[in-house]
$ cat structure-v3.cif   # mmCIF, C-alpha atoms
data_structure
loop_
_atom_site.label_atom_id
_atom_site.label_comp_id
_atom_site.auth_asym_id
_atom_site.auth_seq_id
_atom_site.Cartn_x
_atom_site.Cartn_y
_atom_site.Cartn_z
CA MET A 24 -49.65 -13.42 126.64
CA SER A 25 -46.42 -12.28 125.03
CA GLU A 26 -46.28 -8.52 124.41
CA ALA A 27 -45.05 -9.31 120.91
CA VAL A 28 -48.32 -11.11 120.15
CA THR A 29 -51.68 -9.38 120.37
CA VAL A 30 -55.00 -11.20 120.43
CA ASP A 31 -58.38 -9.66 119.71
CA SER A 32 -61.76 -11.40 119.77
CA THR A 33 -64.55 -9.41 118.16
CA ASP A 34 -67.82 -10.56 116.60
CA GLY A 35 -66.70 -14.16 116.32
CA VAL A 36 -63.32 -13.31 114.76
CA LEU A 37 -60.17 -14.16 116.71
CA THR A 38 -57.26 -12.11 115.33
CA ILE A 39 -53.72 -13.06 116.32
CA THR A 40 -51.10 -10.50 115.32
CA TRP A 41 -47.31 -10.83 115.39
CA ASN A 42 -46.53 -7.47 116.97
CA ASP A 43 -42.81 -6.75 116.69
CA PRO A 44 -42.70 -4.61 113.55
CA GLY A 45 -39.29 -3.15 114.39
CA ARG A 46 -37.81 -6.63 113.86
CA LEU A 47 -40.15 -7.40 110.95
CA ASN A 48 -42.01 -9.73 113.33
CA GLY A 49 -39.06 -12.03 113.88
CA LEU A 50 -40.35 -14.91 115.98
CA THR A 51 -39.32 -16.21 119.38
CA GLY A 52 -40.43 -19.39 121.10
CA GLN A 53 -42.62 -17.37 123.46
CA MET A 54 -44.44 -15.81 120.52
CA LEU A 55 -45.19 -19.24 119.07
CA ILE A 56 -46.42 -20.51 122.42
CA ALA A 57 -48.65 -17.45 122.83
CA ALA A 58 -50.20 -17.95 119.39
CA ALA A 59 -50.81 -21.67 119.95
CA ASP A 60 -52.36 -20.95 123.36
CA ALA A 61 -54.65 -18.33 121.82
CA ILE A 62 -55.92 -20.76 119.18
CA GLU A 63 -56.43 -23.59 121.68
CA GLN A 64 -58.21 -21.25 124.11
CA ALA A 65 -60.36 -19.48 121.50
CA PRO A 66 -63.65 -18.25 122.99
CA ALA A 67 -66.65 -20.48 122.35
CA GLN A 68 -68.23 -17.90 120.04
CA THR A 69 -65.22 -17.86 117.69
CA ARG A 70 -66.15 -18.64 114.07
CA VAL A 71 -62.88 -17.84 112.26
CA ILE A 72 -59.22 -17.21 113.17
CA VAL A 73 -57.03 -14.62 111.43
CA LEU A 74 -53.22 -14.59 111.54
CA ARG A 75 -51.41 -11.40 110.55
CA GLY A 76 -48.31 -9.31 111.18
CA ALA A 77 -48.05 -5.71 112.34
CA GLY A 78 -46.26 -3.21 110.13
CA ARG A 79 -44.67 -4.06 106.81
CA ALA A 80 -44.10 -7.80 107.23
CA PHE A 81 -46.07 -10.92 108.06
CA SER A 82 -42.97 -12.45 109.65
CA THR A 83 -39.34 -12.92 108.66
CA GLY A 84 -39.13 -16.15 110.66
CA ALA A 85 -37.18 -17.26 113.71
CA ARG A 86 -34.86 -14.67 115.18
CA LEU A 87 -31.27 -15.73 114.65
CA ASP A 88 -29.96 -13.42 117.36
CA GLN A 89 -31.32 -15.94 119.86
CA PRO A 90 -29.86 -19.43 120.38
CA LEU A 91 -31.28 -22.32 118.37
CA SER A 92 -30.29 -25.74 119.64
CA GLY A 93 -31.78 -28.91 121.07
CA THR A 94 -35.30 -30.20 120.65
CA GLU A 95 -37.32 -27.46 122.36
CA PRO A 96 -37.44 -24.99 119.41
CA MET A 97 -38.67 -27.77 117.13
CA GLU A 98 -41.29 -28.96 119.59
CA VAL A 99 -42.62 -25.42 120.04
CA SER A 100 -42.72 -24.73 116.29
CA ALA A 101 -44.38 -28.07 115.51
CA ARG A 102 -47.01 -27.44 118.17
CA LEU A 103 -48.18 -24.21 116.52
CA ILE A 104 -48.43 -25.81 113.07
CA ARG A 105 -50.36 -28.75 114.48
CA THR A 106 -52.65 -26.33 116.33
CA ILE A 107 -53.40 -24.31 113.18
CA VAL A 108 -54.03 -27.35 111.00
CA GLY A 109 -55.88 -29.23 113.74
CA SER A 110 -58.18 -26.38 114.74
CA PRO A 111 -61.79 -27.10 113.74
CA LEU A 112 -62.13 -23.44 112.77
CA PRO A 113 -61.18 -21.87 109.43
CA VAL A 114 -57.80 -20.14 109.72
CA VAL A 115 -57.00 -17.21 107.43
CA ALA A 116 -53.45 -15.89 106.99
CA ALA A 117 -53.34 -12.25 105.85
CA VAL A 118 -49.86 -11.74 104.42
CA GLN A 119 -48.28 -8.39 103.69
CA GLY A 120 -44.57 -7.98 103.01
CA PRO A 121 -42.30 -10.97 103.58
CA ALA A 122 -43.46 -14.33 104.90
CA ALA A 123 -40.05 -15.93 105.29
CA GLY A 124 -38.63 -18.96 107.07
CA TYR A 125 -40.95 -20.14 109.80
CA GLY A 126 -43.16 -17.15 109.02
CA CYS A 127 -43.75 -18.77 105.64
CA SER A 128 -44.48 -22.06 107.40
CA VAL A 129 -47.21 -20.45 109.50
CA ALA A 130 -48.74 -18.61 106.56
CA LEU A 131 -48.98 -21.80 104.49
CA ALA A 132 -50.44 -23.85 107.34
CA ALA A 133 -53.58 -21.70 107.23
CA ASP A 134 -56.67 -22.87 105.36
CA ILE A 135 -56.89 -19.69 103.30
CA THR A 136 -53.81 -17.57 102.65
CA ILE A 137 -54.36 -14.21 101.00
CA ALA A 138 -51.49 -11.89 100.21
CA ALA A 139 -50.91 -8.34 99.06
CA ARG A 140 -49.18 -8.26 95.67
CA SER A 141 -46.10 -6.70 97.26
CA ALA A 142 -45.76 -9.71 99.57
CA TYR A 143 -43.53 -12.68 98.94
CA PHE A 144 -42.84 -16.15 100.31
CA LEU A 145 -39.34 -17.38 101.07
CA LEU A 146 -37.68 -20.48 102.51
CA PRO A 147 -34.17 -19.16 103.31
CA PHE A 148 -33.22 -22.02 105.64
CA VAL A 149 -30.54 -23.35 103.29
CA LYS A 150 -28.73 -20.02 103.49
CA VAL A 151 -27.94 -20.66 107.16
CA GLY A 152 -27.24 -24.37 106.75
CA LEU A 153 -30.67 -25.63 107.78
CA MET A 154 -33.62 -27.38 106.11
CA PRO A 155 -37.19 -26.07 105.86
CA ASP A 156 -39.38 -26.85 108.85
CA GLY A 157 -42.77 -25.91 110.23
CA GLY A 158 -44.32 -28.61 108.06
CA THR A 159 -43.38 -26.93 104.79
CA THR A 160 -41.85 -30.12 103.41
CA ALA A 161 -45.44 -31.39 103.47
CA THR A 162 -47.62 -28.31 102.95
CA ILE A 163 -45.76 -26.87 99.96
CA ALA A 164 -45.40 -30.18 98.16
CA ALA A 165 -49.11 -30.87 98.76
CA SER A 166 -49.97 -27.53 97.13
CA ILE A 167 -47.58 -27.14 94.19
CA GLY A 168 -45.84 -30.49 93.78
CA ARG A 169 -42.40 -31.96 94.39
CA ALA A 170 -40.48 -30.09 91.67
CA ARG A 171 -41.50 -26.60 92.71
CA ALA A 172 -41.30 -27.41 96.42
CA SER A 173 -37.73 -28.71 95.94
CA ALA A 174 -36.68 -25.63 94.00
CA MET A 175 -38.20 -23.29 96.55
CA ALA A 176 -36.44 -25.12 99.41
CA LEU A 177 -33.05 -25.82 97.81
CA LEU A 178 -32.54 -22.51 96.01
CA GLY A 179 -33.92 -20.29 98.77
CA GLU A 180 -35.31 -17.76 96.31
CA ARG A 181 -38.27 -15.54 97.07
CA LEU A 182 -41.60 -16.33 95.42
CA PRO A 183 -43.66 -13.19 94.72
CA ALA A 184 -47.27 -13.31 95.89
CA ALA A 185 -48.65 -13.24 92.34
CA ASP A 186 -46.52 -16.25 91.36
CA ALA A 187 -47.52 -18.06 94.55
CA ALA A 188 -51.19 -17.56 93.70
CA GLU A 189 -50.71 -18.66 90.09
CA ALA A 190 -48.90 -21.80 91.26
CA GLY A 191 -51.70 -22.64 93.70
CA LEU A 192 -49.59 -22.15 96.81
CA ILE A 193 -51.97 -19.51 98.20
CA HIS A 194 -55.59 -18.53 97.63
CA ALA A 195 -55.04 -15.11 96.08
CA ALA A 196 -52.74 -12.13 95.62
CA VAL A 197 -54.60 -8.82 95.54
CA PRO A 198 -53.52 -5.22 94.90
CA ASP A 199 -52.08 -3.63 98.00
CA ASP A 200 -54.70 -0.89 98.09
CA GLY A 201 -57.49 -3.47 98.15
CA PHE A 202 -55.80 -6.00 100.43
CA ALA A 203 -57.44 -5.03 103.71
CA ASP A 204 -60.91 -4.90 102.16
CA GLU A 205 -60.50 -8.33 100.56
CA VAL A 206 -59.30 -9.86 103.83
CA ASP A 207 -62.30 -8.32 105.60
CA ARG A 208 -64.65 -9.69 102.93
CA ILE A 209 -63.34 -13.24 103.22
CA VAL A 210 -63.32 -13.18 107.01
CA ALA A 211 -66.86 -11.79 107.12
CA GLN A 212 -68.08 -14.52 104.75
CA LEU A 213 -66.48 -17.23 106.89
CA SER A 214 -67.81 -15.73 110.13
CA ARG A 215 -71.39 -15.87 108.79
CA GLY A 216 -71.09 -19.34 107.28
CA PRO A 217 -72.14 -22.85 108.39
CA GLY A 218 -69.64 -23.73 111.11
CA ALA A 219 -70.46 -27.44 111.19
CA ALA A 220 -69.96 -27.73 107.44
CA TYR A 221 -66.69 -25.81 107.68
CA ARG A 222 -65.43 -28.18 110.37
CA ALA A 223 -66.30 -31.27 108.35
CA THR A 224 -64.80 -29.80 105.17
CA LYS A 225 -61.54 -28.76 106.83
CA GLN A 226 -61.15 -32.16 108.44
CA ALA A 227 -61.76 -33.96 105.15
CA ILE A 228 -59.38 -31.81 103.09
CA THR A 229 -56.68 -32.05 105.75
CA ALA A 230 -57.01 -35.83 105.88
CA ALA A 231 -56.82 -36.07 102.10
CA THR A 232 -53.84 -33.76 101.58
CA LEU A 233 -51.89 -33.60 104.85
CA GLY A 234 -52.42 -37.00 106.39
CA HIS A 235 -48.64 -37.30 106.68
CA LEU A 236 -48.10 -33.92 108.35
CA ASP A 237 -47.25 -35.36 111.77
CA GLU A 238 -44.60 -37.58 110.21
CA ALA A 239 -43.19 -34.63 108.28
CA LEU A 240 -42.97 -32.49 111.42
CA ASP A 241 -41.25 -35.27 113.32
CA ARG A 242 -38.81 -35.86 110.45
CA GLU A 243 -38.07 -32.13 110.14
CA GLY A 244 -37.53 -31.90 113.88
CA ASP A 245 -35.07 -34.78 114.05
CA SER A 246 -33.10 -33.51 111.05
CA GLN A 247 -33.08 -29.88 112.17
CA VAL A 248 -31.79 -30.75 115.64
CA ALA A 249 -28.89 -32.57 113.98
CA LEU A 250 -28.26 -29.62 111.65
CA PHE A 251 -28.09 -27.25 114.63
CA GLN A 252 -24.84 -29.04 115.54
CA THR A 253 -23.10 -28.60 112.17
CA ASP A 254 -20.28 -26.24 111.31
CA ASP A 255 -22.33 -24.99 108.38
CA PHE A 256 -25.14 -23.80 110.66
CA GLY A 257 -22.68 -21.94 112.88
CA GLU A 258 -21.13 -20.34 109.80
CA GLY A 259 -24.52 -19.52 108.32
CA VAL A 260 -25.71 -17.70 111.44
CA ALA A 261 -22.40 -15.85 111.81
CA ALA A 262 -22.52 -14.75 108.17
CA PHE A 263 -26.14 -13.60 108.56
CA LEU A 264 -25.36 -11.53 111.64
CA GLU A 265 -22.20 -10.12 110.06
CA LYS A 266 -24.03 -9.40 106.79
CA ARG A 267 -21.62 -11.35 104.59
CA ALA A 268 -21.75 -14.38 102.31
CA PRO A 269 -21.34 -17.70 104.16
CA GLY A 270 -18.46 -20.04 103.46
CA PHE A 271 -20.00 -23.47 103.81
CA THR A 272 -17.80 -26.56 104.04
CA GLY A 273 -20.43 -29.31 104.03
CA ARG A 274 -19.69 -30.20 107.64
#

$ encode --input "structure-v3.cif" --output "structure tokens"
Amino acid sequence: MSEAVTVDSTDGVLTITWNDPGRLNGLTGQMLIAAADAIEQAPAQTRVIVLRGAGRAFSTGARLDQPLSGTEPMEVSARLIRTIVGSPLPVVAAVQGPAAGYGCSVALAADITIAARSAYFLLPFVKVGLMPDGGTTATIAASIGRARASAMALLGERLPAADAAEAGLIHAAVPDDGFADEVDRIVAQLSRGPGAAYRATKQAITAATLGHLDEALDREGDSQVALFQTDDFGEGVAAFLEKRAPGFTGR
């Protein structure tokens, strides 16, 4: 298990925590593999899975101080999304602070996403010359429609938790001082509920709304691998690391 991911199994609740708060839970391939392994290897008594981040962020997405190229990053990221969506268990994402980039992808792949009001959701891919991935071209459009999904992806502007809840992108945004209690309430309800009915319900809703998720992940992967090779991506990463505005050329 990666040290930057902690896993706890207590009373039927499997909690997976991104645990690199100093980097606002920036994600590496090993962290994604560890999370997918934990879900796939959940103990038999598990009734509900919780995804959360340590410290003041859910996750700010893939770390750009590590190389991104080739197909492996896309295969690893797609595997985790498929694992979350394909799990027969209810998956709850507890979001505090930013859920950005691939961190946003993970949060929105959950069955129930609950956020503190100070949290926000962000697809900043375009700012480094990339496209959204992690299935968000499917999950966001399925939740809030093409127009809002396109604006969120193309403009790269943060969506506050309250606006995300009002738009139907997430289940709820709750006051920060009541966030932990509300997450505990929802998780406790799910952990005591009818597991067989939950499994059938999740499968039916996923089939009805995300039947094209595999195609979306494959399409995102192919396009992203090509974008890794562009001048704009190189410029976007350099500008991010140098804390300056990028000068994109369209190449």

$ resolve_selection --input "structure-v3.cif" --expression "the PyMOL selection byres ((chain A and resi 31-45) around 8)" --output "PyMOL selection string"
chain A and resi 26-30+46-49+54+58+61+65-66+68-82+210+214

$ closest_residue --input "structure-v3.cif" --among "A:Arg222, A:His235, A:Arg208, A:Arg105" --to "Ala165 in chain A" --atoms "all atoms listed in the file"
A:His235

$ closest_atom_pairs --input "structure-v3.cif" --of "range 97-191 of chain A" --to "range 243-259 of chain A" --cutoff "9 Å" --atoms "all atoms listed in the file" --output "Markdown table"
| residue | atom | partner | partner_atom | distance |
| --- | --- | --- | --- | --- |
| A:Met97 | CA | A:Gly244 | CA | 5.4 |
| A:Glu98 | CA | A:Gly244 | CA | 7.4 |
| A:Ala101 | CA | A:Gly244 | CA | 8.0 |
| A:Val149 | CA | A:Gly259 | CA | 8.7 |
| A:Lys150 | CA | A:Gly259 | CA | 6.4 |
| A:Val151 | CA | A:Gly259 | CA | 3.8 |
| A:Gly152 | CA | A:Phe256 | CA | 4.5 |
| A:Leu153 | CA | A:Leu250 | CA | 6.1 |
| A:Met154 | CA | A:Gln247 | CA | 6.6 |
| A:Pro155 | CA | A:Glu243 | CA | 7.5 |
| A:Asp156 | CA | A:Glu243 | CA | 5.6 |
| A:Gly157 | CA | A:Glu243 | CA | 7.8 |
| A:Gly158 | CA | A:Glu243 | CA | 7.5 |
| A:Thr160 | CA | A:Glu243 | CA | 8.0 |

$ write_last_selection --input "structure-v3.cif" --atoms "C-alpha atoms" --output "CSV table (one decimal), in the frame of the given file"
chain,number,residue,atom,x,y,z
A,97,MET,CA,-38.7,-27.8,117.1
A,98,GLU,CA,-41.3,-29.0,119.6
A,101,ALA,CA,-44.4,-28.1,115.5
A,149,VAL,CA,-30.5,-23.4,103.3
A,150,LYS,CA,-28.7,-20.0,103.5
A,151,VAL,CA,-27.9,-20.7,107.2
A,152,GLY,CA,-27.2,-24.4,106.8
A,153,LEU,CA,-30.7,-25.6,107.8
A,154,MET,CA,-33.6,-27.4,106.1
A,155,PRO,CA,-37.2,-26.1,105.9
A,156,ASP,CA,-39.4,-26.8,108.8
A,157,GLY,CA,-42.8,-25.9,110.2
A,158,GLY,CA,-44.3,-28.6,108.1
A,160,THR,CA,-41.8,-30.1,103.4

$ atom_distance --input "structure-v3.cif" --atom1 "CA of Ile167 in chain A" --atom2 "CA of Leu192 in chain A"
6.0 Å

$ resolve_selection --input "structure-v3.cif" --expression "the PyMOL selection byres ((chain A and resi 195) around 9)" --output "list of chain:residue names"
A:Ile135, A:Thr136, A:Ile137, A:Ala138, A:Ala139, A:Ala184, A:Ala185, A:Ala187, A:Ala188, A:Glu189, A:Gly191, A:Leu192, A:Ile193, A:His194, A:Ala196, A:Val197

$ atom_distance --input "structure-v3.cif" --atom1 "CA of Leu264 in chain A" --atom2 "CA of Gln53 in chain A"
21.7 Å

$ residues_near_point --input "structure-v3.cif" --point "(-39.2, -26.5, 96.0)" --cutoff "12 Å" --atoms "only C-alpha atoms" --output "PyMOL selection string"
chain A and resi 144-147+149+154-155+159-182+187+190+192

$ closest_residue --input "structure-v3.cif" --among "A:Ala220, A:Val114, A:Ala239, A:Ala122" --to "Val206 in chain A" --atoms "all atoms listed in the file"
A:Val114

$ atom_distance --input "structure-v3.cif" --atom1 "CA of Cys127 in chain A" --atom2 "CA of Ile56 in chain A"
17.1 Å

$ closest_residue --input "structure-v3.cif" --among "A:Ala130, A:Ala123, A:Ala231, A:Ala85" --to "Ile107 in chain A" --atoms "all atoms listed in the file"
A:Ala130

$ build_atoms --input "structure-v3.cif" --residues "range 94-106 of chain A" --atoms "N, CA and C atoms" --output "compact mmCIF listing (two decimals), in the coordinates of the input"
# COMPACT_ATOMS: atom_id res chain seq x y z
N THR A 94 -33.99 -29.82 121.18
CA THR A 94 -35.30 -30.20 120.65
C THR A 94 -36.40 -29.18 120.94
N GLU A 95 -36.23 -28.33 121.95
CA GLU A 95 -37.32 -27.46 122.36
C GLU A 95 -37.81 -26.54 121.24
N PRO A 96 -36.93 -25.85 120.48
CA PRO A 96 -37.44 -24.99 119.41
C PRO A 96 -38.30 -25.76 118.41
N MET A 97 -37.92 -26.99 118.10
CA MET A 97 -38.67 -27.77 117.13
C MET A 97 -40.00 -28.22 117.69
N GLU A 98 -40.03 -28.56 118.97
CA GLU A 98 -41.29 -28.96 119.59
C GLU A 98 -42.27 -27.79 119.64
N VAL A 99 -41.76 -26.61 119.97
CA VAL A 99 -42.62 -25.42 120.04
C VAL A 99 -43.14 -25.06 118.65
N SER A 100 -42.28 -25.10 117.64
CA SER A 100 -42.72 -24.73 116.29
C SER A 100 -43.70 -25.75 115.74
N ALA A 101 -43.46 -27.03 115.99
CA ALA A 101 -44.38 -28.07 115.51
C ALA A 101 -45.74 -27.94 116.19
N ARG A 102 -45.74 -27.57 117.45
CA ARG A 102 -47.01 -27.44 118.17
C ARG A 102 -47.91 -26.40 117.51
N LEU A 103 -47.35 -25.24 117.13
CA LEU A 103 -48.18 -24.21 116.52
C LEU A 103 -48.74 -24.68 115.19
N ILE A 104 -47.93 -25.33 114.36
CA ILE A 104 -48.43 -25.81 113.07
C ILE A 104 -49.53 -26.84 113.28
N ARG A 105 -49.33 -27.76 114.20
CA ARG A 105 -50.36 -28.75 114.48
C ARG A 105 -51.64 -28.09 114.99
N THR A 106 -51.49 -27.03 115.78
CA THR A 106 -52.65 -26.33 116.33
C THR A 106 -53.43 -25.62 115.23
